[in-house]
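> Pasting in a structure now, in structure tokens, and then I'll have a few things to ask.
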Amino acid sequence: MPIVSRGFHGRARDTRHRLPPGQYETTDFPVLSAGPTPTVNPDEWEFTIRTETGTRHSWNWAQFMALPSQTPTVDLHCVTKWSKFDTEWQGVSLDVLLEDVETSADYALVHSYGDYTTNVPLEDLLDGKAWIAYRYDGEELAPEHGGPARLLVPHLYFWKSAKWVQRIQLLDEDERGFWENIGYHDYGDPWREQRYQGD
Ligand SMILES: Nc1nc2c(c(=O)[nH]1)N[C@H]1C(S)=C(S)[C@@H](COP(=O)(O)O)O[C@H]1N2
Ligand SMILES: [Mo]
């Protein structure tokens, strides 16, 4: 945005246009977990992408740390209506992880340590839109926020950003995850306010 458009007496940080319908801004970082925080030791951590034909691609922690990472700054939008702007992460782009994965699948079901699942169309994980994040705000990702590593897919409601991510199953047909099975939207675009099935 050109600086002149802020106007002579304009606010340095006008974030109204970044707030999706029905959301309010918070500077806290609430913790929202459907169950207890699982203990996931990086020594035992393994992340797997399994294709629709059953081919597995796995990374242990050392292999994962050796991958090129990015440092996205993104806005988060939770379906419980808080939004948090300019959160700073470090993680590996799904583009990197899916680079050598041969697939014609259209959907992904993301599984966490501790049983949580959520579904995302595969294209929403591609083209710089999603990361497996392991640092937040300059620190190792805290266990309650999904450490050692979580999915970060900030253009969808934050429930899609599975904490303690363990594996991604690629699928020809969409399969609902934990919240989607109990009435939350299959896609969850905050800008279209897709909170519940039917929105
Ligand atoms: N594994 C797992 N991932 C999860 C959840 C969960 O309960 N379990 N909650 C989701 C919801 S509803 C939100 S809003 C965000 C909350 O992330 P935070 O606790 O880091 O704010 O994580 C999402 N990812
Ligand atoms: Mo949420």
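Chain labels A, B, ... are given in the sequence in which chains occur in the structure tokens; within each chain residues are numbered consecutively from 1, and ligands are likewise numbered from 1 in the order shown.
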At a cut-off of 9 Å, using only C-alpha atoms, what residues contact Leu126 of chain A? Leave out same-chain residues fewer than 3 positions from it and give the result as a count of residues only.
8
> Using only C-alpha atoms and all ligand atoms, determine which residues fall within 9 Å of ligand 1, then list them as a short mmCIF file (atom, residue, chain, number, x, y, z; two decimals) with C-alpha atoms, in the first residue's frame.

```cif
data_model
loop_
_atom_site.label_atom_id
_atom_site.label_comp_id
_atom_site.auth_asym_id
_atom_site.auth_seq_id
_atom_site.Cartn_x
_atom_site.Cartn_y
_atom_site.Cartn_z
CA PHE A 29 -2.61 -15.95 22.01
CA PRO A 30 -5.44 -18.10 23.39
CA VAL A 31 -4.90 -21.84 23.71
CA LEU A 32 -7.72 -23.93 22.25
CA SER A 33 -7.36 -27.69 22.47
CA ALA A 34 -10.04 -30.34 22.27
CA GLY A 35 -8.05 -32.60 24.62
CA PRO A 36 -4.92 -32.70 26.74
CA THR A 37 -1.57 -31.57 25.33
CA PRO A 38 0.26 -34.71 24.16
CA LEU A 76 -4.81 -15.92 12.43
CA HIS A 77 -8.59 -16.23 12.55
CA CYS A 78 -10.23 -18.59 15.04
CA VAL A 79 -13.84 -19.67 14.60
CA THR A 80 -14.45 -18.60 18.24
CA TRP A 82 -10.65 -13.90 17.82
CA HIS A 111 -3.72 -36.28 11.69
CA SER A 112 -2.20 -35.13 14.96
CA TYR A 113 -0.46 -36.93 17.78
CA GLY A 114 -3.33 -37.44 20.21
CA ASP A 115 -6.02 -38.20 17.62
CA TYR A 116 -7.17 -34.80 16.30
CA THR A 117 -7.90 -34.69 12.58
CA THR A 118 -8.92 -31.99 10.11
CA ALA A 142 5.36 -24.23 22.96
CA PRO A 143 3.66 -27.61 23.57
CA GLU A 144 0.26 -26.01 24.24
CA HIS A 145 0.44 -24.27 20.85
CA GLY A 146 1.31 -27.50 19.05
CA ARG A 150 2.02 -27.91 13.90
CA LEU A 151 0.34 -27.28 10.60
CA TYR A 157 -10.05 -20.79 10.26
CA PHE A 158 -7.39 -21.76 12.76
CA TRP A 159 -8.94 -25.14 13.63
CA LYS A 160 -7.49 -26.34 10.31
CA SER A 161 -3.98 -25.62 11.67
CA ALA A 162 -3.55 -28.99 13.39
CA LYS A 163 -1.31 -28.85 16.43
CA TRP A 164 1.16 -31.73 17.12
CA VAL A 165 0.90 -32.72 13.47
CA PHE A 178 -12.82 -33.91 14.20
CA TRP A 179 -14.67 -30.57 14.13
#
```
> In Å, with one decimal, what is the gap from atom CA of Asp106 of chain A to atom CA of Gly91 of chain A?
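If I compute the distance from atom CA of Asp106 of chain A to atom CA of Gly91 of chain A, I get 23.3 Å.
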> One decimal, Å: what's the distance from atom CA of Tyr184 of chain A over to atom CA of Ile49 of chain A, could you say?
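Computing the Euclidean distance for atom CA of Tyr184 of chain A and atom CA of Ile49 of chain A yields 24.6 Å.
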> May I ask for the distance between atom CA of Thr103 of chain A and atom CA of Asp127 of chain A, given in Å to one decimal place?
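It comes out at 15.6 Å.
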> Would you please work out which residue, of A:Glu88, A:Glu193, A:Lys81, A:Glu99, is nearest to ligand 2 when using only C-alpha atoms and all ligand atoms?
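Ranked by minimum distance to ligand 2, first place goes to A:Lys81.
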> Could you pull the residues within 7 Å of Asp172 of chain A, counting only C-alpha atoms, minus those fewer than 6 positions along the same chain, as an MDAnalysis selection string?
chainID A and resid 52 105:107
> Write the residues of the preceding selection, restricted to C-alpha atoms, as a compact mmCIF listing (two decimals), in the first residue's frame.

```txt
# COMPACT_ATOMS: atom_id res chain seq x y z
CA GLU A 52 -3.82 -42.19 -2.06
CA ALA A 105 -5.34 -36.65 -4.87
CA ASP A 106 -7.56 -33.60 -4.32
CA TYR A 107 -7.92 -33.79 -0.53
```
